[in-house]
Amino acid sequence: MREMISMIVVLTLLASVSGGLLAAVKSGTELRIEEQVLKFQKAPAIESLFSDVTNDPLKERFTLETGDRTLQIFPGKMKDGSLAVAFETSGKGGYGGDIGLMVGINVDSDQLVGARVTTHAETPGLGSRAKDDLTFVSQFNSKPLDSNLALKADNGSIDAISGATVTSRAVTRAAIQAQELYSQLKPEILKQIQ
Amino acid sequence: MNNTKLTVSHAPFWHDGDNLFQKNLTFMLALLPAAIFGILQFGAPALGVMALSLSCAMLWELIINLVSKKPATIGDLEAAVIGLLFGMMLPAITPWWLIVVGTFVAVFVGKMIFGGIGSSPFNPTLLGMAVLMMSWKMFFDFDTAYVDYEFAFTALAPLAAVKTQGAAAAEMFTLTDLFMGREVGAVGATFGLGLIIGGIYLILRGYARWELSVSFIAGILITAFLFHAASPQNYAGPLFHLLSGYTLLGAFFLITESASSPVNRIPMLLYGFLGGFMIILMRNIGAYADGTILAILLVNVISPLLDNIRPNALGKGLNNA
Amino acid sequence: MAHSLATEFTKGLWAEIPPFRLVLGLCPTLAVTKSVENGIGMGLATTFVLVFSNLLISLLRNVIPPKVRIACYIVIIATFVTIVELVMQAYTYPLFLTLGIFIPLIVVNCIVLGRAEAFASKNTPVLAVADGLGIGIGFTLSLAALGAVREIIGAGTITIWGGNPVFAVGDWYHPFSFMVEAPGAFVALGLMLAGMNLIGKK
């Protein structure tokens, strides 16, 4: 009996101490991690999406609250004068967890500017092609916002990466989520960027 | 105390009074028609590639022998066969350093590391080729390799053409052209007739076992036929597959390599068939234009498994005796 | 227990150098050593986890009930691994991206749990730290060496820190990229093991 109790007590104590420690470290590094993610992941995706904008989307970023999540929105002024926004969504159910997708949407024409994968933990050489090989994500370029962004196998309009259907499906989920978020947030986005 | 009588050596065990030297000499003799044709077709560079490859392989083996302080084994000509086969699988304009590195991988990583002759689980030549192709794919593109040559026939690598342009491209090559070697490809792998003659000679001499070659060819023909019958516009016919790429070289000289293939008849038949089957799968569905190298390496891996199909041992009825 | 501090520390550098002598922790060894930089990063992360988990386990060695000791070790190790992961994310983000999944996988690295079970749970904290530090540095050196062999042959460069090569062979070199791919890792490790045994024999 004593042994049982000591087992429970020790393990509980250890787990709670480690939980507390991790919470402290997490909150201590959170800001910096966010900065780093912005610098190394979102920035390249945004630069590649908005290759010919006249402003600095990173500096002009703002946040919007929707439901329980905070969304960072990066506005871009395109060369032809139209306005666009980019924000990151995440697609559930990739091979190695969620896949982050930066989606750019032209506010004036309601077309997608494009999409770039930001974070993933997919198999190198297979699923990782979603990020490294732009032929897959370039299928999103200039798609009208009301088009079906699911995979062709799911009656949508996007070709899956051969050998990486699971990854492709997660990416399309992120894109579809972006569609939904955008239609919810459009009025607020317009208010912010004008 | 002399214990040499109790020493059990590695496979190959089957024996007809010949020694390794004779076996390998016959092997090279059987390769000669195709090799000579390659020299006639692609000129002096082809000779250079084969000669360098052969001598490099022997030199590497000698160096490894010396470094590991073992008796020199190059006298059995095993390394020469590896080198010659290796050279015959390369395009004629292969840079010299590629051959030097490739024969090193073939002889050292493919053969000597595992304990020399008879111990290698993979075909050493193919292991070297596979490693090279992973690293320097651009040197194995037969279309660009022969860009400076003038040929009286379609100067396109048949398998690559079919891969990129679909099965209709197979009509650019008549079967007689492929059979008589009027195609671009590796220096020693284009001349179908020569390879078949050499292969049959080897089988008649008993150095290559017919079960392997026949089931391998059957595997190719049957699988390719099924693909072709299912969708003729997507997949080229069985004879085209048999006569192009490394297929015939594989059927008579690579799949029959004794150390890495099974011993009994049924396993041999299964082994060969699986090899042929995998090649066609790789060509028709996979990413590679010619799957011969990887397909044979793949069946090398399952060879020990196939060797488990065998008669029960006599005696106390132990299953794993 | 007449081991001195010095022997506990130095054994990790040669006599029990992890991937070569103990042949443990091969998963990160094979997977991340595409460059010297990755090897050093992985090695340092593992060293940090080793030292602190060894210290804590050794301190708690009389408190932890034997029946749940493995669970306790894993909780401790996992805590430090997560700390390393967060810190790397915050300060060396590009390295964190290339090492990716192999940072959290330090939790199941046999070396860490092996030292905890075999050494730290039976020795004093000072010795445990020396042991962890020695093994960790040995692991780092091995990974860096393997990374150096693979990178110089497979890519023609040497990258020690920060993503920029400190040494490049030059344009005439056609990288033998087999060596930076997965099968090349096995071949390189096997050859280095053979080399170690050859030297050790004499």
# chains A, B, ... in the order shown; residues from 1 in each chain; ligands from 1

call {"tool": "select_by_dssp", "arguments": {"residues": "chain A", "states": "strand (DSSP E or B)", "output": "PyMOL selection string"}}
result
chain A and resi 53+62-66+69-78+83-94+97-106+111-117+144+151+158

call {"tool": "write_last_selection", "arguments": {"atoms": "N, CA and C atoms", "output": "compact mmCIF listing (two decimals), in the first residue's frame"}}
result
# COMPACT_ATOMS: atom_id res chain seq x y z
N VAL A 53 4.43 43.39 -55.08
CA VAL A 53 3.61 44.38 -54.38
C VAL A 53 4.44 45.63 -54.16
N PHE A 62 -1.81 43.10 -39.60
CA PHE A 62 -2.71 43.38 -38.49
C PHE A 62 -3.39 42.08 -38.11
N THR A 63 -4.05 42.07 -36.96
CA THR A 63 -4.68 40.82 -36.54
C THR A 63 -6.17 41.01 -36.44
N LEU A 64 -6.88 39.96 -36.74
CA LEU A 64 -8.34 39.94 -36.62
C LEU A 64 -8.73 38.77 -35.74
N GLU A 65 -9.76 38.99 -34.94
CA GLU A 65 -10.27 37.90 -34.09
C GLU A 65 -11.46 37.27 -34.79
N THR A 66 -11.43 35.96 -34.85
CA THR A 66 -12.62 35.30 -35.36
C THR A 66 -12.86 34.06 -34.51
N ARG A 69 -9.92 32.12 -32.63
CA ARG A 69 -8.55 32.23 -33.11
C ARG A 69 -8.21 33.64 -33.56
N THR A 70 -6.94 33.93 -33.48
CA THR A 70 -6.45 35.22 -33.93
C THR A 70 -5.75 35.00 -35.25
N LEU A 71 -6.07 35.79 -36.21
CA LEU A 71 -5.52 35.60 -37.53
C LEU A 71 -4.62 36.78 -37.87
N GLN A 72 -3.39 36.46 -38.29
CA GLN A 72 -2.52 37.55 -38.75
C GLN A 72 -2.81 37.78 -40.23
N ILE A 73 -3.07 39.01 -40.58
CA ILE A 73 -3.40 39.30 -41.97
C ILE A 73 -2.33 40.22 -42.56
N PHE A 74 -1.85 39.85 -43.73
CA PHE A 74 -0.79 40.62 -44.39
C PHE A 74 -1.38 41.26 -45.64
N PRO A 75 -1.56 42.57 -45.64
CA PRO A 75 -2.15 43.22 -46.81
C PRO A 75 -1.08 43.54 -47.86
N GLY A 76 -1.45 43.42 -49.13
CA GLY A 76 -0.51 43.75 -50.18
C GLY A 76 -1.18 44.62 -51.23
N LYS A 77 -0.44 45.61 -51.74
CA LYS A 77 -0.97 46.43 -52.83
C LYS A 77 -0.35 45.94 -54.13
N MET A 78 -1.15 45.36 -54.99
CA MET A 78 -0.61 44.81 -56.23
C MET A 78 -0.24 45.94 -57.17
N LEU A 83 -6.06 45.49 -54.31
CA LEU A 83 -5.60 45.14 -52.99
C LEU A 83 -5.72 43.64 -52.78
N ALA A 84 -4.80 43.11 -52.01
CA ALA A 84 -4.84 41.69 -51.72
C ALA A 84 -4.49 41.47 -50.26
N VAL A 85 -4.88 40.35 -49.71
CA VAL A 85 -4.47 39.98 -48.36
C VAL A 85 -3.93 38.56 -48.39
N ALA A 86 -3.05 38.28 -47.46
CA ALA A 86 -2.58 36.91 -47.29
C ALA A 86 -2.73 36.56 -45.83
N PHE A 87 -3.13 35.33 -45.55
CA PHE A 87 -3.14 34.87 -44.17
C PHE A 87 -2.91 33.36 -44.18
N GLU A 88 -2.55 32.87 -43.00
CA GLU A 88 -2.17 31.46 -42.93
C GLU A 88 -3.30 30.66 -42.30
N THR A 89 -3.59 29.54 -42.92
CA THR A 89 -4.54 28.61 -42.32
C THR A 89 -3.83 27.28 -42.17
N SER A 90 -4.46 26.37 -41.43
CA SER A 90 -3.79 25.08 -41.30
C SER A 90 -4.75 23.96 -41.68
N GLY A 91 -4.21 23.02 -42.43
CA GLY A 91 -5.01 21.90 -42.91
C GLY A 91 -4.80 20.70 -42.02
N LYS A 92 -5.90 20.16 -41.51
CA LYS A 92 -5.79 19.01 -40.61
C LYS A 92 -5.50 17.74 -41.40
N GLY A 93 -4.80 16.84 -40.76
CA GLY A 93 -4.70 15.49 -41.29
C GLY A 93 -3.62 15.26 -42.32
N GLY A 94 -2.51 16.00 -42.25
CA GLY A 94 -1.37 15.62 -43.08
C GLY A 94 -0.72 14.38 -42.49
N GLY A 97 0.99 15.56 -39.21
CA GLY A 97 0.31 16.61 -38.49
C GLY A 97 -0.26 17.66 -39.43
N ASP A 98 -0.57 18.82 -38.85
CA ASP A 98 -1.21 19.86 -39.65
C ASP A 98 -0.22 20.50 -40.62
N ILE A 99 -0.77 21.01 -41.70
CA ILE A 99 0.05 21.67 -42.70
C ILE A 99 -0.37 23.12 -42.78
N GLY A 100 0.61 24.03 -42.62
CA GLY A 100 0.30 25.44 -42.70
C GLY A 100 0.30 25.90 -44.15
N LEU A 101 -0.68 26.70 -44.49
CA LEU A 101 -0.76 27.17 -45.88
C LEU A 101 -1.01 28.67 -45.86
N MET A 102 -0.14 29.40 -46.55
CA MET A 102 -0.33 30.84 -46.68
C MET A 102 -1.14 31.07 -47.94
N VAL A 103 -2.31 31.67 -47.78
CA VAL A 103 -3.20 31.86 -48.93
C VAL A 103 -3.31 33.35 -49.22
N GLY A 104 -3.09 33.70 -50.46
CA GLY A 104 -3.24 35.09 -50.86
C GLY A 104 -4.53 35.27 -51.63
N ILE A 105 -5.30 36.30 -51.27
CA ILE A 105 -6.58 36.52 -51.95
C ILE A 105 -6.66 37.97 -52.41
N ASN A 106 -7.02 38.16 -53.67
CA ASN A 106 -7.18 39.50 -54.21
C ASN A 106 -8.56 40.01 -53.80
N GLN A 111 -10.35 36.78 -56.36
CA GLN A 111 -9.61 35.63 -56.87
C GLN A 111 -8.49 35.27 -55.92
N LEU A 112 -8.09 34.02 -55.95
CA LEU A 112 -6.91 33.65 -55.19
C LEU A 112 -5.68 34.21 -55.90
N VAL A 113 -4.75 34.76 -55.15
CA VAL A 113 -3.48 35.14 -55.74
C VAL A 113 -2.62 33.89 -55.89
N GLY A 114 -2.73 33.04 -54.89
CA GLY A 114 -1.95 31.81 -54.90
C GLY A 114 -1.90 31.24 -53.50
N ALA A 115 -1.12 30.20 -53.32
CA ALA A 115 -0.98 29.60 -52.00
C ALA A 115 0.41 29.01 -51.89
N ARG A 116 0.98 29.07 -50.70
CA ARG A 116 2.30 28.47 -50.45
C ARG A 116 2.26 27.71 -49.13
N VAL A 117 2.86 26.55 -49.13
CA VAL A 117 2.94 25.79 -47.88
C VAL A 117 4.01 26.41 -47.00
N PRO A 144 -10.97 31.52 -59.07
CA PRO A 144 -12.02 32.33 -58.46
C PRO A 144 -12.35 31.79 -57.08
N LEU A 151 -9.68 18.17 -53.78
CA LEU A 151 -8.96 17.35 -54.76
C LEU A 151 -9.93 16.82 -55.80
N ILE A 158 -8.49 20.20 -57.93
CA ILE A 158 -7.04 20.21 -57.74
C ILE A 158 -6.48 18.80 -57.95

call {"tool": "closest_atom_pairs", "arguments": {"of": "chain B", "to": "chain C", "cutoff": "10 Å", "atoms": "only C-alpha atoms", "output": "Markdown table"}}
result
| residue | atom | partner | partner_atom | distance |
| --- | --- | --- | --- | --- |
| B:Trp97 | CA | C:His174 | CA | 9.7 |
| B:Leu98 | CA | C:His174 | CA | 9.5 |
| B:Val101 | CA | C:Phe176 | CA | 9.2 |
| B:Val109 | CA | C:Val187 | CA | 7.9 |
| B:Ile113 | CA | C:Leu191 | CA | 9.2 |
| B:Ala130 | CA | C:Phe178 | CA | 9.6 |
| B:Val131 | CA | C:Phe178 | CA | 6.3 |
| B:Leu132 | CA | C:Phe178 | CA | 7.6 |
| B:Met133 | CA | C:Phe178 | CA | 8.9 |
| B:Met134 | CA | C:Phe178 | CA | 6.0 |
| B:Ser135 | CA | C:Ser177 | CA | 4.7 |
| B:Trp136 | CA | C:Phe176 | CA | 7.4 |

call {"tool": "interface_residues", "arguments": {"of": "chain B", "to": "chain A", "cutoff": "12 Å", "atoms": "only C-alpha atoms", "output": "count of residues only"}}
result
3

call {"tool": "residues_around", "arguments": {"residues": "segment 13-23 of chain A", "least_positions_apart": "5", "cutoff": "9 Å", "atoms": "only C-alpha atoms", "output": "ChimeraX atom specification"}}
result
/A:8,28 /C:72,75-76,78-80,82-83

call {"tool": "closest_atom_pairs", "arguments": {"of": "segment 117-189 of chain C", "to": "segment 103-112 of chain C", "cutoff": "9 Å", "atoms": "only C-alpha atoms", "output": "CSV"}}
result
residue,atom,partner,partner_atom,distance
C:Glu117,CA,C:Val112,CA,8.7
C:Gly132,CA,C:Val112,CA,8.5
C:Ile135,CA,C:Ile111,CA,8.5

call {"tool": "residues_around", "arguments": {"residues": "segment 10-27 of chain C", "least_positions_apart": "6", "cutoff": "8 Å", "atoms": "only C-alpha atoms", "output": "JSON, numbers by chain"}}
result
{"C": [109, 110, 111, 131, 134, 135, 136, 137, 138, 139, 142, 192, 193, 196]}

call {"tool": "write_last_selection", "arguments": {"atoms": "C-alpha atoms", "output": "PDB file, in the first residue's frame"}}
result
ATOM      1  CA  ASN C 109      16.927   7.879 -28.111  1.00  0.00           C
ATOM      2  CA  CYS C 110      18.426   4.779 -26.505  1.00  0.00           C
ATOM      3  CA  ILE C 111      21.495   6.678 -25.357  1.00  0.00           C
ATOM      4  CA  ASP C 131      29.030  10.781 -17.596  1.00  0.00           C
ATOM      5  CA  GLY C 134      31.256  12.843 -21.802  1.00  0.00           C
ATOM      6  CA  ILE C 135      28.777  10.709 -23.662  1.00  0.00           C
ATOM      7  CA  GLY C 136      27.063  13.787 -25.041  1.00  0.00           C
ATOM      8  CA  ILE C 137      30.274  15.338 -26.322  1.00  0.00           C
ATOM      9  CA  GLY C 138      31.307  12.015 -27.777  1.00  0.00           C
ATOM     10  CA  PHE C 139      27.967  11.788 -29.536  1.00  0.00           C
ATOM     11  CA  SER C 142      30.756  11.409 -33.826  1.00  0.00           C
ATOM     12  CA  MET C 192      33.491   4.421 -40.075  1.00  0.00           C
ATOM     13  CA  LEU C 193      32.610   1.615 -37.648  1.00  0.00           C
ATOM     14  CA  MET C 196      37.148   2.469 -35.588  1.00  0.00           C
TER      15      MET C 196
END

call {"tool": "closest_atom_pairs", "arguments": {"of": "chain A", "to": "chain C", "cutoff": "6 Å", "atoms": "only C-alpha atoms", "output": "Markdown table"}}
result
| residue | atom | partner | partner_atom | distance |
| --- | --- | --- | --- | --- |
| A:Met7 | CA | C:Pro65 | CA | 5.8 |
| A:Ser18 | CA | C:Thr79 | CA | 5.9 |
| A:Arg32 | CA | C:Ala90 | CA | 5.3 |
| A:Ile33 | CA | C:Ala90 | CA | 4.4 |

call {"tool": "residues_around", "arguments": {"residues": "Ile222 of chain B", "least_positions_apart": "3", "cutoff": "12 Å", "atoms": "only C-alpha atoms", "output": "NGL selection string"}}
result
:B and (214-219 or 225-229 or 237-239 or 241-242 or 273-274 or 276-281)

call {"tool": "residues_around", "arguments": {"residues": "Val81 of chain B", "least_positions_apart": "2", "cutoff": "8 Å", "atoms": "only C-alpha atoms", "output": "list in words"}}
result
Asn24, Phe27, Met28, Leu54, Leu77, Glu78, Ala79, Gly83, Leu84 and Leu85 of chain B

call {"tool": "write_last_selection", "arguments": {"atoms": "all heavy atoms", "output": "compact mmCIF listing (two decimals), in the first residue's frame"}}
result
# COMPACT_ATOMS: atom_id res chain seq x y z
N ASN B 24 34.68 -17.57 -65.22
CA ASN B 24 34.63 -16.15 -65.54
C ASN B 24 35.15 -15.86 -66.94
O ASN B 24 34.69 -14.93 -67.61
CB ASN B 24 35.42 -15.36 -64.49
CG ASN B 24 34.70 -15.36 -63.16
OD1 ASN B 24 33.48 -15.29 -63.13
ND2 ASN B 24 35.44 -15.48 -62.08
N PHE B 27 32.37 -16.55 -69.13
CA PHE B 27 31.40 -15.48 -68.96
C PHE B 27 31.76 -14.28 -69.85
O PHE B 27 30.93 -13.74 -70.57
CB PHE B 27 31.41 -15.07 -67.48
CG PHE B 27 30.11 -14.50 -67.01
CD1 PHE B 27 29.19 -15.31 -66.38
CD2 PHE B 27 29.82 -13.16 -67.19
CE1 PHE B 27 27.99 -14.78 -65.93
CE2 PHE B 27 28.63 -12.63 -66.74
CZ PHE B 27 27.71 -13.46 -66.12
N MET B 28 33.04 -13.93 -69.83
CA MET B 28 33.47 -12.78 -70.63
C MET B 28 33.40 -13.10 -72.11
O MET B 28 33.07 -12.25 -72.93
CB MET B 28 34.88 -12.36 -70.22
CG MET B 28 34.88 -11.72 -68.84
SD MET B 28 36.28 -10.67 -68.56
CE MET B 28 37.51 -11.85 -68.18
N LEU B 54 36.96 -2.34 -66.83
CA LEU B 54 37.50 -3.66 -66.50
C LEU B 54 38.78 -3.55 -65.68
O LEU B 54 38.93 -4.18 -64.63
CB LEU B 54 37.76 -4.42 -67.81
CG LEU B 54 37.97 -5.93 -67.75
CD1 LEU B 54 37.54 -6.54 -69.07
CD2 LEU B 54 39.41 -6.28 -67.49
N LEU B 77 39.39 -13.63 -61.94
CA LEU B 77 38.71 -12.82 -62.96
C LEU B 77 37.30 -12.37 -62.56
O LEU B 77 36.58 -11.82 -63.37
CB LEU B 77 38.62 -13.57 -64.30
CG LEU B 77 39.94 -13.77 -65.03
CD1 LEU B 77 39.66 -14.38 -66.39
CD2 LEU B 77 40.67 -12.46 -65.21
N GLU B 78 36.92 -12.61 -61.30
CA GLU B 78 35.58 -12.17 -60.88
C GLU B 78 35.46 -10.65 -61.02
O GLU B 78 34.46 -10.15 -61.52
CB GLU B 78 35.35 -12.61 -59.43
CG GLU B 78 33.99 -12.25 -58.87
CD GLU B 78 32.89 -13.20 -59.35
OE1 GLU B 78 33.23 -14.23 -59.97
OE2 GLU B 78 31.71 -12.89 -59.12
N ALA B 79 36.50 -9.94 -60.58
CA ALA B 79 36.46 -8.48 -60.68
C ALA B 79 36.43 -8.05 -62.14
O ALA B 79 35.79 -7.06 -62.50
CB ALA B 79 37.68 -7.88 -59.99
N GLY B 83 33.75 -5.62 -63.78
CA GLY B 83 34.16 -4.43 -64.51
C GLY B 83 33.64 -4.41 -65.94
O GLY B 83 33.15 -3.39 -66.42
N LEU B 84 33.73 -5.55 -66.61
CA LEU B 84 33.27 -5.59 -68.00
C LEU B 84 31.77 -5.34 -68.08
O LEU B 84 31.30 -4.52 -68.87
CB LEU B 84 33.61 -6.95 -68.63
CG LEU B 84 33.21 -7.09 -70.09
CD1 LEU B 84 33.92 -6.05 -70.94
CD2 LEU B 84 33.53 -8.48 -70.62
N LEU B 85 31.00 -6.03 -67.22
CA LEU B 85 29.55 -5.82 -67.21
C LEU B 85 29.24 -4.36 -66.90
O LEU B 85 28.36 -3.76 -67.52
CB LEU B 85 28.91 -6.69 -66.13
CG LEU B 85 28.45 -8.08 -66.56
CD1 LEU B 85 27.98 -8.85 -65.35
CD2 LEU B 85 27.34 -7.97 -67.57

call {"tool": "select_by_dssp", "arguments": {"residues": "segment 52-169 of chain A", "states": "alpha helix (DSSP H)", "output": "JSON, numbers by chain"}}
result
{"A": [129, 130, 131, 132, 134, 135, 136, 137, 165, 166, 167, 168, 169]}

call {"tool": "write_last_selection", "arguments": {"atoms": "all heavy atoms", "output": "short mmCIF file (atom, residue, chain, number, x, y, z; two decimals), in the first residue's frame"}}
result
data_model
loop_
_atom_site.label_atom_id
_atom_site.label_comp_id
_atom_site.auth_asym_id
_atom_site.auth_seq_id
_atom_site.Cartn_x
_atom_site.Cartn_y
_atom_site.Cartn_z
N ARG A 129 7.09 17.62 -51.20
CA ARG A 129 7.01 18.29 -52.49
C ARG A 129 5.92 19.34 -52.51
O ARG A 129 5.93 20.25 -53.35
CB ARG A 129 6.76 17.26 -53.60
CG ARG A 129 8.03 16.57 -54.06
CD ARG A 129 7.74 15.59 -55.15
NE ARG A 129 6.97 14.47 -54.62
CZ ARG A 129 6.33 13.57 -55.37
NH1 ARG A 129 6.35 13.68 -56.67
NH2 ARG A 129 5.68 12.58 -54.82
N ALA A 130 4.94 19.22 -51.60
CA ALA A 130 3.90 20.24 -51.54
C ALA A 130 4.52 21.60 -51.30
O ALA A 130 4.03 22.62 -51.81
CB ALA A 130 2.91 19.90 -50.43
N LYS A 131 5.63 21.63 -50.55
CA LYS A 131 6.29 22.91 -50.30
C LYS A 131 7.37 23.19 -51.34
O LYS A 131 7.46 24.29 -51.87
CB LYS A 131 6.90 22.90 -48.91
CG LYS A 131 7.61 24.20 -48.60
CD LYS A 131 8.06 24.27 -47.16
CE LYS A 131 8.63 25.64 -46.88
NZ LYS A 131 8.95 25.82 -45.48
N ASP A 132 8.18 22.17 -51.63
CA ASP A 132 9.38 22.42 -52.44
C ASP A 132 9.08 22.54 -53.93
O ASP A 132 9.76 23.26 -54.64
CB ASP A 132 10.38 21.28 -52.22
CG ASP A 132 10.69 21.08 -50.75
OD1 ASP A 132 10.57 22.09 -50.03
OD2 ASP A 132 11.01 19.97 -50.34
N LEU A 134 6.74 23.84 -56.67
CA LEU A 134 5.63 24.78 -56.74
C LEU A 134 4.54 24.36 -57.72
O LEU A 134 3.51 25.00 -57.79
CB LEU A 134 6.15 26.17 -57.11
CG LEU A 134 6.96 26.85 -55.99
CD1 LEU A 134 7.35 28.25 -56.40
CD2 LEU A 134 6.17 26.91 -54.70
N THR A 135 4.76 23.27 -58.49
CA THR A 135 3.74 22.92 -59.48
C THR A 135 2.42 22.55 -58.81
O THR A 135 1.36 22.76 -59.38
CB THR A 135 4.18 21.76 -60.38
OG1 THR A 135 4.70 20.74 -59.55
CG2 THR A 135 5.19 22.19 -61.40
N PHE A 136 2.51 21.99 -57.62
CA PHE A 136 1.25 21.61 -56.95
C PHE A 136 0.49 22.85 -56.49
O PHE A 136 -0.66 23.04 -56.84
CB PHE A 136 1.53 20.67 -55.78
CG PHE A 136 0.31 20.39 -54.96
CD1 PHE A 136 -0.74 19.65 -55.49
CD2 PHE A 136 0.20 20.87 -53.66
CE1 PHE A 136 -1.88 19.40 -54.74
CE2 PHE A 136 -0.95 20.61 -52.92
CZ PHE A 136 -1.98 19.88 -53.46
N VAL A 137 1.15 23.71 -55.70
CA VAL A 137 0.43 24.86 -55.15
C VAL A 137 0.08 25.89 -56.23
O VAL A 137 -0.85 26.66 -56.06
CB VAL A 137 1.20 25.54 -54.01
CG1 VAL A 137 1.06 24.74 -52.74
CG2 VAL A 137 2.63 25.75 -54.36
N THR A 165 -1.25 11.71 -51.65
CA THR A 165 -2.64 12.17 -51.63
C THR A 165 -3.03 12.72 -50.27
O THR A 165 -3.76 13.71 -50.19
CB THR A 165 -3.58 11.01 -52.00
OG1 THR A 165 -3.01 10.31 -53.10
CG2 THR A 165 -4.94 11.51 -52.38
N VAL A 166 -2.53 12.08 -49.22
CA VAL A 166 -2.90 12.53 -47.87
C VAL A 166 -2.44 13.96 -47.64
O VAL A 166 -3.19 14.82 -47.18
CB VAL A 166 -2.28 11.58 -46.82
CG1 VAL A 166 -2.54 12.10 -45.43
CG2 VAL A 166 -2.87 10.20 -46.97
N THR A 167 -1.18 14.22 -48.03
CA THR A 167 -0.64 15.57 -47.90
C THR A 167 -1.46 16.56 -48.73
O THR A 167 -1.85 17.63 -48.26
CB THR A 167 0.82 15.59 -48.39
OG1 THR A 167 1.52 14.55 -47.75
CG2 THR A 167 1.46 16.91 -48.11
N SER A 168 -1.73 16.17 -49.99
CA SER A 168 -2.47 17.07 -50.87
C SER A 168 -3.84 17.39 -50.30
O SER A 168 -4.30 18.54 -50.36
CB SER A 168 -2.64 16.43 -52.25
OG SER A 168 -1.45 15.87 -52.69
N ARG A 169 -4.47 16.36 -49.72
CA ARG A 169 -5.80 16.59 -49.18
C ARG A 169 -5.73 17.57 -48.00
O ARG A 169 -6.58 18.47 -47.88
CB ARG A 169 -6.41 15.26 -48.73
CG ARG A 169 -7.85 15.37 -48.30
CD ARG A 169 -8.51 14.01 -48.25
NE ARG A 169 -8.74 13.47 -49.58
CZ ARG A 169 -8.55 12.18 -49.89
NH1 ARG A 169 -8.12 11.35 -48.98
NH2 ARG A 169 -8.79 11.76 -51.11
#

call {"tool": "residues_around", "arguments": {"residues": "Thr174 of chain B", "least_positions_apart": "6", "cutoff": "10 Å", "atoms": "only C-alpha atoms", "output": "number ranges by chain"}}
result
B: 182-183, 240

call {"tool": "atom_distance", "arguments": {"atom1": "atom CA of Ser58 of chain C", "atom2": "atom CA of Lys122 of chain C"}}
result
7.1 Å

call {"tool": "decode", "arguments": {"residues": "segment 88-97 of chain C", "atoms": "N, CA, C and O atoms", "output": "short mmCIF file (atom, residue, chain, number, x, y, z; two decimals), in the first residue's frame"}}
result
data_model
loop_
_atom_site.label_atom_id
_atom_site.label_comp_id
_atom_site.auth_asym_id
_atom_site.auth_seq_id
_atom_site.Cartn_x
_atom_site.Cartn_y
_atom_site.Cartn_z
N MET C 88 15.38 25.86 -29.20
CA MET C 88 15.91 25.87 -30.57
C MET C 88 14.98 26.61 -31.51
O MET C 88 15.42 27.33 -32.40
N GLN C 89 13.69 26.43 -31.29
CA GLN C 89 12.73 27.13 -32.13
C GLN C 89 12.89 28.64 -31.97
O GLN C 89 12.78 29.39 -32.93
N ALA C 90 13.19 29.06 -30.73
CA ALA C 90 13.28 30.48 -30.48
C ALA C 90 14.59 31.08 -30.97
O ALA C 90 14.64 32.22 -31.38
N TYR C 91 15.68 30.28 -30.91
CA TYR C 91 16.98 30.92 -31.19
C TYR C 91 17.70 30.40 -32.43
O TYR C 91 18.47 31.12 -33.03
N THR C 92 17.49 29.15 -32.80
CA THR C 92 18.15 28.66 -34.01
C THR C 92 17.10 28.05 -34.93
O THR C 92 17.10 26.87 -35.20
N TYR C 93 16.22 28.91 -35.39
CA TYR C 93 15.05 28.41 -36.10
C TYR C 93 15.37 27.61 -37.37
O TYR C 93 14.80 26.54 -37.58
N PRO C 94 16.30 28.06 -38.23
CA PRO C 94 16.57 27.26 -39.43
C PRO C 94 17.07 25.86 -39.11
O PRO C 94 16.67 24.88 -39.75
N LEU C 95 17.93 25.76 -38.07
CA LEU C 95 18.42 24.45 -37.66
C LEU C 95 17.27 23.60 -37.15
O LEU C 95 17.17 22.40 -37.45
N PHE C 96 16.38 24.24 -36.40
CA PHE C 96 15.21 23.52 -35.91
C PHE C 96 14.41 22.95 -37.07
O PHE C 96 13.92 21.82 -37.02
N LEU C 97 14.30 23.71 -38.14
CA LEU C 97 13.53 23.23 -39.29
C LEU C 97 14.21 22.04 -39.94
O LEU C 97 13.54 21.08 -40.33
#
